[in-house]
>>> print(open('query-v6.pdb').read())   # PDB, C-alpha atoms and all ligand atoms
ATOM      1  CA  MET A   1      11.681  -4.466  -0.906
ATOM      2  CA  ALA A   2      14.637  -4.799  -3.265
ATOM      3  CA  ASN A   3      16.025  -1.474  -2.047
ATOM      4  CA  TYR A   4      15.602  -2.326   1.588
ATOM      5  CA  VAL A   5      18.597  -1.189   3.641
ATOM      6  CA  GLN A   6      19.174  -2.882   6.959
ATOM      7  CA  LYS A   7      19.191  -0.379   9.833
ATOM      8  CA  PRO A   8      20.693  -1.005  13.261
ATOM      9  CA  ALA A   9      18.209  -1.118  16.155
ATOM     10  CA  ALA A  10      17.648   2.343  17.641
ATOM     11  CA  GLU A  11      16.812   3.199  21.255
ATOM     12  CA  VAL A  12      13.684   5.343  20.795
ATOM     13  CA  ALA A  13      12.751   5.626  24.488
ATOM     14  CA  LYS A  14      14.401   4.439  27.697
ATOM     15  CA  GLY A  15      14.962   0.687  27.326
ATOM     16  CA  VAL A  16      12.879   0.552  24.124
ATOM     17  CA  PHE A  17      14.631  -0.421  20.876
ATOM     18  CA  GLN A  18      13.027  -0.108  17.462
ATOM     19  CA  LEU A  19      13.812  -2.790  14.874
ATOM     20  CA  GLU A  20      12.742  -2.052  11.315
ATOM     21  CA  ILE A  21      11.778  -5.189   9.399
ATOM     22  CA  PRO A  22      10.975  -5.336   5.643
ATOM     23  CA  THR A  23       7.585  -6.639   4.473
ATOM     24  CA  PRO A  24       6.391  -7.609   0.971
ATOM     25  CA  PHE A  25       3.334  -5.359   1.438
ATOM     26  CA  SER A  26       2.595  -1.863   0.119
ATOM     27  CA  VAL A  27       2.612  -0.498   3.681
ATOM     28  CA  GLY A  28       6.428  -0.832   3.692
ATOM     29  CA  PRO A  29       8.579  -1.977   6.633
ATOM     30  CA  VAL A  30       7.084  -2.856  10.009
ATOM     31  CA  ASN A  31       8.578  -1.768  13.340
ATOM     32  CA  LEU A  32       9.128  -4.280  16.112
ATOM     33  CA  TYR A  33      10.075  -3.055  19.580
ATOM     34  CA  LEU A  34      12.366  -4.722  22.056
ATOM     35  CA  LEU A  35      11.400  -3.755  25.606
ATOM     36  CA  GLN A  36      13.748  -4.210  28.546
ATOM     37  CA  GLY A  37      11.884  -5.068  31.725
ATOM     38  CA  GLU A  38      11.891  -7.946  34.227
ATOM     39  CA  LYS A  39      11.502 -10.021  31.070
ATOM     40  CA  LEU A  40      13.151  -9.191  27.751
ATOM     41  CA  THR A  41      10.106  -8.649  25.541
ATOM     42  CA  LEU A  42       9.639  -8.301  21.807
ATOM     43  CA  VAL A  43       6.527  -6.517  20.579
ATOM     44  CA  ASP A  44       5.410  -8.108  17.261
ATOM     45  CA  ALA A  45       7.320 -10.570  15.117
ATOM     46  CA  GLY A  46       7.187  -9.437  11.463
ATOM     47  CA  PRO A  47       5.964 -11.373   8.405
ATOM     48  CA  LEU A  48       7.123 -14.890   7.567
ATOM     49  CA  THR A  49       9.784 -14.166   4.933
ATOM     50  CA  GLU A  50      13.513 -14.862   4.771
ATOM     51  CA  GLU A  51      14.190 -11.111   4.486
ATOM     52  CA  ALA A  52      12.241 -10.397   7.663
ATOM     53  CA  TRP A  53      13.996 -13.220   9.509
ATOM     54  CA  HIS A  54      17.376 -11.942   8.434
ATOM     55  CA  ALA A  55      16.511  -8.352   9.416
ATOM     56  CA  LEU A  56      15.281  -9.455  12.842
ATOM     57  CA  ASN A  57      18.502 -11.358  13.519
ATOM     58  CA  ALA A  58      20.682  -8.516  12.240
ATOM     59  CA  GLY A  59      18.726  -5.889  14.190
ATOM     60  CA  LEU A  60      19.073  -7.816  17.435
ATOM     61  CA  GLU A  61      22.750  -8.459  16.766
ATOM     62  CA  SER A  62      23.331  -4.694  16.424
ATOM     63  CA  ILE A  63      22.425  -4.350  20.131
ATOM     64  CA  GLN A  64      24.107  -7.582  21.232
ATOM     65  CA  VAL A  65      20.884  -9.486  21.790
ATOM     66  CA  ARG A  66      20.384 -13.049  20.561
ATOM     67  CA  LEU A  67      17.022 -14.446  19.499
ATOM     68  CA  GLU A  68      17.402 -17.037  22.240
ATOM     69  CA  ASP A  69      17.480 -14.217  24.825
ATOM     70  CA  ILE A  70      13.920 -13.108  24.070
ATOM     71  CA  GLU A  71      11.699 -14.268  26.905
ATOM     72  CA  GLN A  72       8.307 -13.132  25.723
ATOM     73  CA  VAL A  73       6.566 -11.813  22.622
ATOM     74  CA  ILE A  74       3.495  -9.573  22.679
ATOM     75  CA  LEU A  75       1.437  -9.078  19.522
ATOM     76  CA  THR A  76      -0.194  -5.703  18.925
ATOM     77  CA  HIS A  77      -2.648  -7.471  16.580
ATOM     78  CA  HIS A  78      -3.054 -10.476  14.329
ATOM     79  CA  HIS A  79      -2.157  -9.016  10.886
ATOM     80  CA  VAL A  80       0.521 -11.084   9.158
ATOM     81  CA  ASP A  81       3.011  -8.207   8.867
ATOM     82  CA  HIS A  82       3.026  -8.235  12.701
ATOM     83  CA  CYS A  83       2.594 -11.879  13.662
ATOM     84  CA  GLY A  84       3.750 -13.990  10.673
ATOM     85  CA  GLN A  85       7.049 -15.256  12.002
ATOM     86  CA  LEU A  86       5.905 -15.702  15.602
ATOM     87  CA  GLU A  87       6.148 -19.496  15.417
ATOM     88  CA  ARG A  88       9.628 -19.435  13.894
ATOM     89  CA  LEU A  89      10.724 -17.097  16.667
ATOM     90  CA  ARG A  90       9.036 -19.213  19.308
ATOM     91  CA  ARG A  91      10.806 -22.357  18.097
ATOM     92  CA  VAL A  92      14.207 -20.713  18.511
ATOM     93  CA  SER A  93      13.611 -18.674  21.678
ATOM     94  CA  GLN A  94      10.908 -20.707  23.506
ATOM     95  CA  ALA A  95       9.439 -17.264  24.260
ATOM     96  CA  HIS A  96       6.109 -16.978  26.073
ATOM     97  CA  THR A  97       3.501 -15.444  23.736
ATOM     98  CA  MET A  98       0.807 -12.897  24.619
ATOM     99  CA  ALA A  99      -1.962 -11.167  22.678
ATOM    100  CA  HIS A 100      -5.554 -10.005  22.931
ATOM    101  CA  PRO A 101      -8.060 -12.914  23.077
ATOM    102  CA  LEU A 102      -9.439 -11.993  19.632
ATOM    103  CA  ALA A 103      -5.998 -12.581  18.057
ATOM    104  CA  VAL A 104      -6.033 -16.220  19.179
ATOM    105  CA  PRO A 105      -8.198 -17.830  16.441
ATOM    106  CA  TYR A 106      -6.104 -16.106  13.734
ATOM    107  CA  VAL A 107      -2.691 -16.859  15.241
ATOM    108  CA  GLU A 108      -3.658 -20.444  16.051
ATOM    109  CA  MET A 109      -5.398 -20.750  12.640
ATOM    110  CA  ASP A 110      -8.516 -22.226  14.193
ATOM    111  CA  GLU A 111     -10.136 -23.982  11.233
ATOM    112  CA  ALA A 112     -13.734 -23.585  12.361
ATOM    113  CA  PHE A 113     -13.152 -19.871  12.884
ATOM    114  CA  LEU A 114     -11.369 -19.385   9.554
ATOM    115  CA  SER A 115     -14.167 -21.041   7.607
ATOM    116  CA  PHE A 116     -16.713 -18.915   9.504
ATOM    117  CA  HIS A 117     -14.469 -15.930   8.628
ATOM    118  CA  ASP A 118     -14.643 -16.722   4.893
ATOM    119  CA  ARG A 119     -18.406 -17.339   4.967
ATOM    120  CA  PHE A 120     -18.876 -14.046   6.789
ATOM    121  CA  PHE A 121     -17.093 -12.205   3.960
ATOM    122  CA  TYR A 122     -19.042 -14.039   1.209
ATOM    123  CA  ASP A 123     -22.291 -12.962   2.839
ATOM    124  CA  LEU A 124     -21.106  -9.430   3.532
ATOM    125  CA  TYR A 125     -19.733  -8.884   0.015
ATOM    126  CA  ARG A 126     -22.877 -10.325  -1.572
ATOM    127  CA  GLU A 127     -25.182  -8.049   0.407
ATOM    128  CA  SER A 128     -22.839  -5.145  -0.428
ATOM    129  CA  GLY A 129     -23.460  -5.764  -4.135
ATOM    130  CA  VAL A 130     -19.954  -7.021  -4.980
ATOM    131  CA  PRO A 131     -20.161  -8.817  -8.384
ATOM    132  CA  ASP A 132     -19.737 -12.619  -8.171
ATOM    133  CA  GLU A 133     -16.519 -12.621 -10.211
ATOM    134  CA  LYS A 134     -14.888 -10.381  -7.599
ATOM    135  CA  LEU A 135     -15.565 -12.794  -4.735
ATOM    136  CA  VAL A 136     -12.286 -14.667  -5.408
ATOM    137  CA  ILE A 137     -10.662 -11.911  -3.342
ATOM    138  CA  ILE A 138     -11.854 -13.787  -0.250
ATOM    139  CA  GLU A 139      -9.779 -16.846  -1.156
ATOM    140  CA  LYS A 140      -6.837 -14.631  -2.047
ATOM    141  CA  TYR A 141      -7.040 -12.975   1.336
ATOM    142  CA  HIS A 142      -7.144 -16.373   3.033
ATOM    143  CA  ARG A 143      -4.024 -17.445   1.119
ATOM    144  CA  LEU A 144      -2.243 -14.299   2.282
ATOM    145  CA  ILE A 145      -2.637 -15.495   5.866
ATOM    146  CA  THR A 146      -1.279 -18.972   5.179
ATOM    147  CA  THR A 147       1.599 -17.671   3.010
ATOM    148  CA  PHE A 148       2.997 -15.018   5.329
ATOM    149  CA  ALA A 149       2.245 -16.660   8.667
ATOM    150  CA  GLU A 150       2.352 -20.131  10.129
ATOM    151  CA  LYS A 151       0.191 -21.618  12.808
ATOM    152  CA  SER A 152       1.427 -20.654  16.256
ATOM    153  CA  ARG A 153      -0.042 -20.335  19.726
ATOM    154  CA  ILE A 154      -0.834 -17.727  22.354
ATOM    155  CA  ASP A 155       0.078 -18.656  25.940
ATOM    156  CA  THR A 156      -1.484 -15.721  27.794
ATOM    157  CA  VAL A 157      -4.257 -13.340  26.778
ATOM    158  CA  LEU A 158      -4.109  -9.666  27.701
ATOM    159  CA  LYS A 159      -6.973  -7.317  28.483
ATOM    160  CA  HIS A 160      -7.436  -3.573  28.760
ATOM    161  CA  GLY A 161      -6.100  -1.967  31.933
ATOM    162  CA  GLN A 162      -3.953  -4.824  33.214
ATOM    163  CA  LYS A 163      -0.232  -4.601  33.914
ATOM    164  CA  VAL A 164       1.843  -6.452  31.345
ATOM    165  CA  PRO A 165       3.287  -9.602  32.946
ATOM    166  CA  GLY A 166       7.084  -9.316  33.048
ATOM    167  CA  LEU A 167       6.933  -5.576  32.254
ATOM    168  CA  SER A 168       5.587  -4.005  35.421
ATOM    169  CA  GLU A 169       5.962  -0.418  34.161
ATOM    170  CA  TRP A 170       3.678  -1.055  31.209
ATOM    171  CA  THR A 171      -0.123  -1.195  31.024
ATOM    172  CA  VAL A 172      -2.248  -2.812  28.317
ATOM    173  CA  LEU A 173      -4.649  -0.579  26.372
ATOM    174  CA  TYR A 174      -7.295  -2.193  24.185
ATOM    175  CA  THR A 175      -7.376  -0.051  21.039
ATOM    176  CA  PRO A 176      -9.722  -1.784  18.555
ATOM    177  CA  GLY A 177     -10.818  -0.522  15.157
ATOM    178  CA  HIS A 178      -7.900  -1.196  12.814
ATOM    179  CA  SER A 179      -8.223  -4.746  14.068
ATOM    180  CA  GLN A 180     -10.479  -6.407  16.641
ATOM    181  CA  SER A 181      -7.403  -7.802  18.383
ATOM    182  CA  HIS A 182      -5.478  -4.537  18.546
ATOM    183  CA  LEU A 183      -3.791  -3.603  21.769
ATOM    184  CA  SER A 184      -1.257  -0.940  22.655
ATOM    185  CA  LEU A 185       1.123  -0.638  25.597
ATOM    186  CA  TYR A 186       1.524   2.454  27.763
ATOM    187  CA  ARG A 187       4.241   3.469  30.237
ATOM    188  CA  GLU A 188       2.964   6.169  32.551
ATOM    189  CA  THR A 189       6.369   7.219  33.964
ATOM    190  CA  ASP A 190       7.513   8.798  30.689
ATOM    191  CA  ARG A 191       4.182   8.732  28.801
ATOM    192  CA  VAL A 192       5.414   6.438  26.068
ATOM    193  CA  MET A 193       2.969   4.341  24.076
ATOM    194  CA  VAL A 194       3.731   1.386  21.831
ATOM    195  CA  ALA A 195       0.899   2.091  19.432
ATOM    196  CA  GLY A 196       1.062  -0.635  16.752
ATOM    197  CA  ASP A 197      -1.142   0.295  13.795
ATOM    198  CA  HIS A 198      -3.514   2.367  15.933
ATOM    199  CA  ILE A 199      -1.612   5.633  15.448
ATOM    200  CA  ILE A 200       0.590   6.021  12.357
ATOM    201  CA  LYS A 201       2.029   9.310  11.211
ATOM    202  CA  ARG A 202       2.087   9.154   7.430
ATOM    203  CA  ILE A 203      -0.956   6.998   6.678
ATOM    204  CA  SER A 204      -4.389   6.872   8.237
ATOM    205  CA  SER A 205      -5.016   3.371   9.554
ATOM    206  CA  ASN A 206      -7.815   1.485   7.915
ATOM    207  CA  ALA A 207     -10.631   0.289  10.174
ATOM    208  CA  PHE A 208     -10.805  -3.179   8.602
ATOM    209  CA  ILE A 209     -14.157  -4.909   8.681
ATOM    210  CA  GLU A 210     -13.783  -8.179  10.562
ATOM    211  CA  PRO A 211     -16.208 -10.890  11.543
ATOM    212  CA  PRO A 212     -17.314 -11.146  15.164
ATOM    213  CA  ARG A 213     -15.760 -13.916  17.302
ATOM    214  CA  ASP A 214     -18.642 -16.238  16.378
ATOM    215  CA  GLN A 215     -22.035 -16.394  14.726
ATOM    216  CA  SER A 216     -23.890 -15.452  17.890
ATOM    217  CA  GLN A 217     -22.523 -11.918  17.757
ATOM    218  CA  ALA A 218     -23.188  -8.963  15.472
ATOM    219  CA  ARG A 219     -20.565  -7.526  13.119
ATOM    220  CA  PRO A 220     -18.359  -5.080  15.039
ATOM    221  CA  LEU A 221     -18.757  -1.479  13.841
ATOM    222  CA  THR A 222     -15.062  -1.061  13.241
ATOM    223  CA  LEU A 223     -14.935   2.580  12.131
ATOM    224  CA  VAL A 224     -17.032   3.638  15.123
ATOM    225  CA  GLN A 225     -14.686   1.630  17.367
ATOM    226  CA  TYR A 226     -11.629   3.125  15.734
ATOM    227  CA  ARG A 227     -12.852   6.693  16.199
ATOM    228  CA  THR A 228     -13.705   5.978  19.836
ATOM    229  CA  ALA A 229     -10.339   4.338  20.576
ATOM    230  CA  LEU A 230      -8.576   7.313  18.931
ATOM    231  CA  GLN A 231     -10.556   9.685  21.152
ATOM    232  CA  MET A 232      -9.557   7.625  24.186
ATOM    233  CA  CYS A 233      -5.897   8.212  23.252
ATOM    234  CA  ALA A 234      -6.448  11.904  22.524
ATOM    235  CA  ASP A 235      -7.607  12.232  26.146
ATOM    236  CA  MET A 236      -4.411  10.603  27.438
ATOM    237  CA  GLU A 237      -1.057  12.215  28.112
ATOM    238  CA  ILE A 238       1.232  10.652  25.517
ATOM    239  CA  ASP A 239       4.630  12.239  24.826
ATOM    240  CA  LEU A 240       5.683   9.680  22.260
ATOM    241  CA  ALA A 241       3.677   7.103  20.317
ATOM    242  CA  LEU A 242       5.825   4.369  18.774
ATOM    243  CA  SER A 243       4.076   3.124  15.648
ATOM    244  CA  GLY A 244       4.022  -0.172  13.831
ATOM    245  CA  HIS A 245       4.982   1.635  10.618
ATOM    246  CA  GLY A 246       7.055   4.782  10.174
ATOM    247  CA  GLU A 247       8.498   7.240  12.633
ATOM    248  CA  PRO A 248       7.422   7.901  16.234
ATOM    249  CA  VAL A 249       4.616  10.402  16.773
ATOM    250  CA  ALA A 250       5.018  13.379  19.102
ATOM    251  CA  GLY A 251       1.915  15.584  19.215
ATOM    252  CA  HIS A 252      -0.539  12.713  18.983
ATOM    253  CA  ARG A 253      -3.522  14.927  19.850
ATOM    254  CA  GLU A 254      -3.110  17.104  16.787
ATOM    255  CA  LEU A 255      -2.677  14.065  14.557
ATOM    256  CA  ILE A 256      -5.773  12.373  16.007
ATOM    257  CA  LEU A 257      -7.939  15.469  15.564
ATOM    258  CA  GLN A 258      -6.742  15.753  11.974
ATOM    259  CA  ARG A 259      -7.593  12.111  11.342
ATOM    260  CA  LEU A 260     -11.042  12.386  12.898
ATOM    261  CA  GLN A 261     -11.779  15.468  10.850
ATOM    262  CA  LYS A 262     -10.605  13.949   7.538
ATOM    263  CA  ASN A 263     -12.614  10.889   8.385
ATOM    264  CA  TRP A 264     -15.748  12.916   8.953
ATOM    265  CA  GLU A 265     -15.215  14.714   5.640
ATOM    266  CA  ARG A 266     -15.436  11.313   3.980
ATOM    267  CA  THR A 267     -18.714  10.579   5.771
ATOM    268  CA  ASP A 268     -20.028  13.870   4.376
ATOM    269  CA  ARG A 269     -18.849  12.927   0.907
ATOM    270  CA  LEU A 270     -20.679   9.606   1.133
ATOM    271  CA  ARG A 271     -23.867  11.422   2.179
ATOM    272  CA  GLU A 272     -23.442  13.692  -0.872
ATOM    273  CA  LEU A 273     -23.126  10.667  -3.152
ATOM    274  CA  LEU A 274     -26.488   9.401  -1.942
ATOM    275  CA  ARG A 275     -28.292  12.602  -2.970
ATOM    276  CA  ASP A 276     -28.926  11.412  -6.522
ATOM    277  CA  GLY A 277     -30.522   8.115  -5.598
ATOM    278  CA  GLU A 278     -30.054   4.823  -3.796
ATOM    279  CA  LYS A 279     -26.851   2.840  -4.139
ATOM    280  CA  THR A 280     -25.219  -0.352  -2.925
ATOM    281  CA  ALA A 281     -22.093  -0.273  -0.768
ATOM    282  CA  TYR A 282     -20.118  -1.533  -3.771
ATOM    283  CA  GLU A 283     -21.375   1.320  -5.964
ATOM    284  CA  LEU A 284     -20.599   3.859  -3.251
ATOM    285  CA  ASN A 285     -17.154   2.305  -2.886
ATOM    286  CA  ALA A 286     -16.408   2.762  -6.605
ATOM    287  CA  LEU A 287     -17.475   6.417  -6.381
ATOM    288  CA  LEU A 288     -15.481   7.105  -3.205
ATOM    289  CA  PHE A 289     -12.313   5.322  -4.384
ATOM    290  CA  PRO A 290     -12.424   5.350  -8.207
ATOM    291  CA  THR A 291      -8.736   4.500  -8.669
ATOM    292  CA  LEU A 292      -8.324   2.111  -5.738
ATOM    293  CA  TYR A 293     -11.515   0.128  -5.299
ATOM    294  CA  GLU A 294     -10.638  -2.692  -7.695
ATOM    295  CA  GLN A 295      -7.128  -3.555  -6.471
ATOM    296  CA  GLU A 296      -7.830  -2.797  -2.829
ATOM    297  CA  LEU A 297     -11.362  -4.100  -2.383
ATOM    298  CA  PRO A 298     -11.167  -5.333   1.268
ATOM    299  CA  LEU A 299      -9.505  -2.107   2.347
ATOM    300  CA  THR A 300     -11.759   0.337   0.492
ATOM    301  CA  LEU A 301     -14.978  -1.572   1.147
ATOM    302  CA  SER A 302     -14.120  -1.594   4.872
ATOM    303  CA  GLU A 303     -13.850   2.163   4.726
ATOM    304  CA  THR A 304     -17.107   2.598   2.790
ATOM    305  CA  LEU A 305     -19.075   0.233   5.040
ATOM    306  CA  GLY A 306     -17.603   2.037   8.049
ATOM    307  CA  HIS A 307     -19.031   5.352   6.892
ATOM    308  CA  ILE A 308     -22.395   3.728   6.137
ATOM    309  CA  ASP A 309     -22.355   2.376   9.724
ATOM    310  CA  LEU A 310     -21.734   5.898  11.040
ATOM    311  CA  LEU A 311     -24.642   7.321   9.041
ATOM    312  CA  LYS A 312     -26.878   4.451  10.180
ATOM    313  CA  ILE A 313     -26.127   5.145  13.833
ATOM    314  CA  LEU A 314     -27.033   8.779  13.248
ATOM    315  CA  HIS A 315     -30.256   7.769  11.442
ATOM    316  CA  GLN A 316     -29.133   9.686   8.363
ATOM    317  CA  VAL A 317     -29.467   6.815   5.933
ATOM    318  CA  GLU A 318     -32.229   4.379   4.985
ATOM    319  CA  CYS A 319     -31.624   0.827   3.899
ATOM    320  CA  ARG A 320     -33.760  -1.616   1.921
ATOM    321  CA  GLU A 321     -33.071  -5.173   0.840
ATOM    322  CA  ALA A 322     -33.844  -6.687  -2.555
ATOM    323  CA  GLU A 323     -32.734 -10.189  -3.546
ATOM    324  CA  GLY A 324     -30.109 -10.313  -0.832
ATOM    325  CA  VAL A 325     -28.529  -6.959  -1.740
ATOM    326  CA  LEU A 326     -28.736  -3.849   0.461
ATOM    327  CA  TYR A 327     -29.570  -0.465  -1.106
ATOM    328  CA  TYR A 328     -28.904   2.763   0.772
ATOM    329  CA  SER A 329     -30.663   6.105   0.378
ATOM    330  CA  LEU A 330     -31.040   9.356   2.299
TER     331      LEU A 330
HETATM  332 ZN    ZN B   1      -2.384  -3.981  10.861
HETATM  333 ZN    ZN B   2       0.785  -3.185  10.110
END
>>> encode(input="query-v6.pdb", output="structure tokens", more="lines below")
Ligand SMILES: [Zn+2]
Ligand SMILES: [Zn+2]
Amino acid sequence: MANYVQKPAAEVAKGVFQLEIPTPFSVGPVNLYLLQGEKLTLVDAGPLTEEAWHALNAGLESIQVRLEDIEQVILTHHHVDHCGQLERLRRVSQAHTMAHPLAVPYVEMDEAFLSFHDRFFYDLYRESGVPDEKLVIIEKYHRLITTFAEKSRIDTVLKHGQKVPGLSEWTVLYTPGHSQSHLSLYRETDRVMVAGDHIIKRISSNAFIEPPRDQSQARPLTLVQYRTALQMCADMEIDLALSGHGEPVAGHRELILQRLQKNWERTDRLRELLRDGEKTAYELNALLFPTLYEQELPLTLSETLGHIDLLKILHQVECREAEGVLYYSL
């Protein structure tokens, strides 16, 4: 972040301005989009850091917009690099906030939900065979949320297929997988999509494992969802996908097919790894991501569990439980 160079906002589609905001995360800067419509709308808010706040102000200034002018903010999803400074922005602009219903408990930091969230991961990591001393990652992850975001609120929830209030040219697409709360926006007239972290050019989005909304529901099969939501977009006419990180994507179909194929190659690899005997998800994770699995446990384990889910659906893997740990075999 030390070498971050402030860029002026750029008009990337008619009435759509991209603002690049630095983040302290390995993913690099995040893109926010300012959309001109009946209401001046900002898509995403950036992480809660002084650098991000400064960059947001400077970016808006470069197109003669003041923070106070922003009338509404839409979140693509609840990750802190996208929603962290929502409350700070809301305090200054009084903007109306919108997101998918599943973003609400994260953005509003609903305590009952967050403790369910942590318990869910303890249980999941235990049954995955994660050693006890590694479970501190769950607390660390929790602290990440409270460090780079502050409690805010969502005024209106958005669902798939509806017109965006205050932006009558734009339609909401529910695009889950990377996150349960992930939505994208689509403008049919010029086939532009604000894609958040659903479609990114230089990195393949992780289908993060997340808890369901509450205990009464089963764990969402996030990789299956992600693949399905990608296929939904491959079937659509999209001339330009504006991503949450990196440059806009033209030729989304090719990129999606590439991603799906690479993804399937990993499923095959996991099946190969099971040929020489049963393994836990944690053991498979170490074999699939030997250099990454320790530092990036939530990310890599999400990926590994996602591929196990795929094989389970296809009845290509068996599972047995012993002392609370799940063992997979062919
Ligand atoms: Zn994200
Ligand atoms: Zn992101």
>>> closest_atom_pairs(input="query-v6.pdb", of="chain A", to="ligand ZN 1 (chain B)", cutoff="9 Å", atoms="all atoms listed in the file", output="tab-separated table")
residue	atom	partner	partner_atom	distance
A:Thr76	CA	B:ZN1	ZN	8.5
A:His77	CA	B:ZN1	ZN	6.7
A:His78	CA	B:ZN1	ZN	7.4
A:His79	CA	B:ZN1	ZN	5.0
A:Val80	CA	B:ZN1	ZN	7.9
A:Asp81	CA	B:ZN1	ZN	7.1
A:His82	CA	B:ZN1	ZN	7.1
A:His178	CA	B:ZN1	ZN	6.5
A:Ser179	CA	B:ZN1	ZN	6.7
A:His182	CA	B:ZN1	ZN	8.3
A:Gly196	CA	B:ZN1	ZN	7.6
A:Asp197	CA	B:ZN1	ZN	5.3
A:His198	CA	B:ZN1	ZN	8.2
A:Ser205	CA	B:ZN1	ZN	7.9
A:Asn206	CA	B:ZN1	ZN	8.2
A:Phe208	CA	B:ZN1	ZN	8.8
A:Gly244	CA	B:ZN1	ZN	8.0
>>> closest_residue(input="query-v6.pdb", among="A:Ala281, A:Leu158, A:Ala234, A:Leu35", to="Arg259 in chain A", atoms="all atoms listed in the file")
A:Ala234
>>> atom_distance(input="query-v6.pdb", atom1="CA of Met193 in chain A", atom2="CA of Val16 in chain A")
10.6 Å
>>> resolve_selection(input="query-v6.pdb", expression="the PyMOL selection byres (((chain A and resi 30) around 6) and not hetatm)", output="PyMOL selection string")
chain A and resi 20-21+29+31+244-245
>>> closest_residue(input="query-v6.pdb", among="A:Glu247, A:Asp44, A:Glu108, A:Asp155", to="ligand ZN 2 (chain B)", atoms="only C-alpha atoms and all ligand atoms")
A:Asp44
>>> resolve_selection(input="query-v6.pdb", expression="the PyMOL selection byres (((chain A and resi 175) around 8) and not hetatm)", output="VMD selection string")
chain A and resid 173 to 174 176 to 177 182 to 184 198 226 229 to 230
>>> residues_near_point(input="query-v6.pdb", point="(-15.0, -20.7, 10.8)", cutoff="12 Å", atoms="only C-alpha atoms", output="ChimeraX atom specification")
/A:105-106,109-121,142,211-215
>>> atom_distance(input="query-v6.pdb", atom1="CA of Pro24 in chain A", atom2="CA of Pro47 in chain A")
8.3 Å
>>> closest_residue(input="query-v6.pdb", among="A:Val136, A:Val92, A:Ile200, A:Val192", to="ligand ZN 2 (chain B)", atoms="only C-alpha atoms and all ligand atoms")
A:Ile200
>>> residues_around(input="query-v6.pdb", residues="range 265-277 of chain A", least_positions_apart="3", cutoff="7 Å", atoms="all atoms listed in the file", output="ChimeraX atom specification")
/A:261-262,307,329-330
>>> resolve_selection(input="query-v6.pdb", expression="the PyMOL selection byres (((chain A and resi 53) around 12) and not hetatm)", output="ChimeraX atom specification")
/A:6,19-23,45-52,54-60,67,84-89,92,148
>>> atom_distance(input="query-v6.pdb", atom1="CA of Glu303 in chain A", atom2="CA of Ala207 in chain A")
6.6 Å
>>> closest_residue(input="query-v6.pdb", among="A:Leu34, A:Ile256, A:Leu221, A:Val172", to="Ala99 in chain A", atoms="all atoms listed in the file")
A:Val172
>>> residues_near_point(input="query-v6.pdb", point="(21.9, -0.2, 24.2)", cutoff="10 Å", atoms="all atoms listed in the file", output="list in words")
Ala9, Ala10, Glu11, Lys14, Gly15, Val16, Phe17, Ser62, Ile63, Gln64 and Val65 of chain A
>>> closest_residue(input="query-v6.pdb", among="A:Leu42, A:Ile199, A:Ala95, A:Leu301", to="ligand ZN 2 (chain B)", atoms="all atoms listed in the file")
A:Ile199
>>> closest_residue(input="query-v6.pdb", among="A:Pro290, A:Pro165, A:Pro298, A:Gly306", to="Arg227 in chain A", atoms="only C-alpha atoms")
A:Gly306
>>> axis_aligned_box(input="query-v6.pdb", around="range 196-204 of chain A", padding_each_side="6 Å", output="lines of an AutoDock Vina configuration file")
center_x = -1.2
center_y = 4.3
center_z = 11.7
size_x = 18.5
size_y = 21.9
size_z = 22.1
>>> decode(input="query-v6.pdb", residues="range 25-32 of chain A", atoms="N, CA, C and O atoms", output="short mmCIF file (atom, residue, chain, number, x, y, z; two decimals), in the first residue's frame")
data_model
loop_
_atom_site.label_atom_id
_atom_site.label_comp_id
_atom_site.auth_asym_id
_atom_site.auth_seq_id
_atom_site.Cartn_x
_atom_site.Cartn_y
_atom_site.Cartn_z
N PHE A 25 -5.16 -5.27 2.13
CA PHE A 25 -5.22 -6.71 1.89
C PHE A 25 -4.45 -7.12 0.65
O PHE A 25 -4.21 -6.31 -0.24
N SER A 26 -4.10 -8.43 0.59
CA SER A 26 -3.26 -8.92 -0.51
C SER A 26 -3.96 -8.80 -1.86
O SER A 26 -3.31 -8.80 -2.91
N VAL A 27 -5.27 -8.67 -1.86
CA VAL A 27 -6.01 -8.55 -3.12
C VAL A 27 -5.69 -7.23 -3.85
O VAL A 27 -5.88 -7.11 -5.05
N GLY A 28 -5.14 -6.26 -3.13
CA GLY A 28 -4.81 -4.97 -3.76
C GLY A 28 -5.99 -4.00 -3.68
O GLY A 28 -6.90 -4.20 -2.88
N PRO A 29 -5.96 -2.93 -4.50
CA PRO A 29 -7.03 -1.93 -4.42
C PRO A 29 -8.40 -2.49 -4.78
O PRO A 29 -8.51 -3.50 -5.47
N VAL A 30 -9.43 -1.83 -4.29
CA VAL A 30 -10.81 -2.20 -4.60
C VAL A 30 -11.40 -1.09 -5.48
O VAL A 30 -11.02 0.08 -5.33
N ASN A 31 -12.27 -1.46 -6.40
CA ASN A 31 -12.93 -0.45 -7.24
C ASN A 31 -14.32 -0.15 -6.71
O ASN A 31 -15.13 -1.06 -6.50
N LEU A 32 -14.59 1.14 -6.50
CA LEU A 32 -15.96 1.57 -6.23
C LEU A 32 -16.47 2.18 -7.53
O LEU A 32 -15.69 2.62 -8.37
#
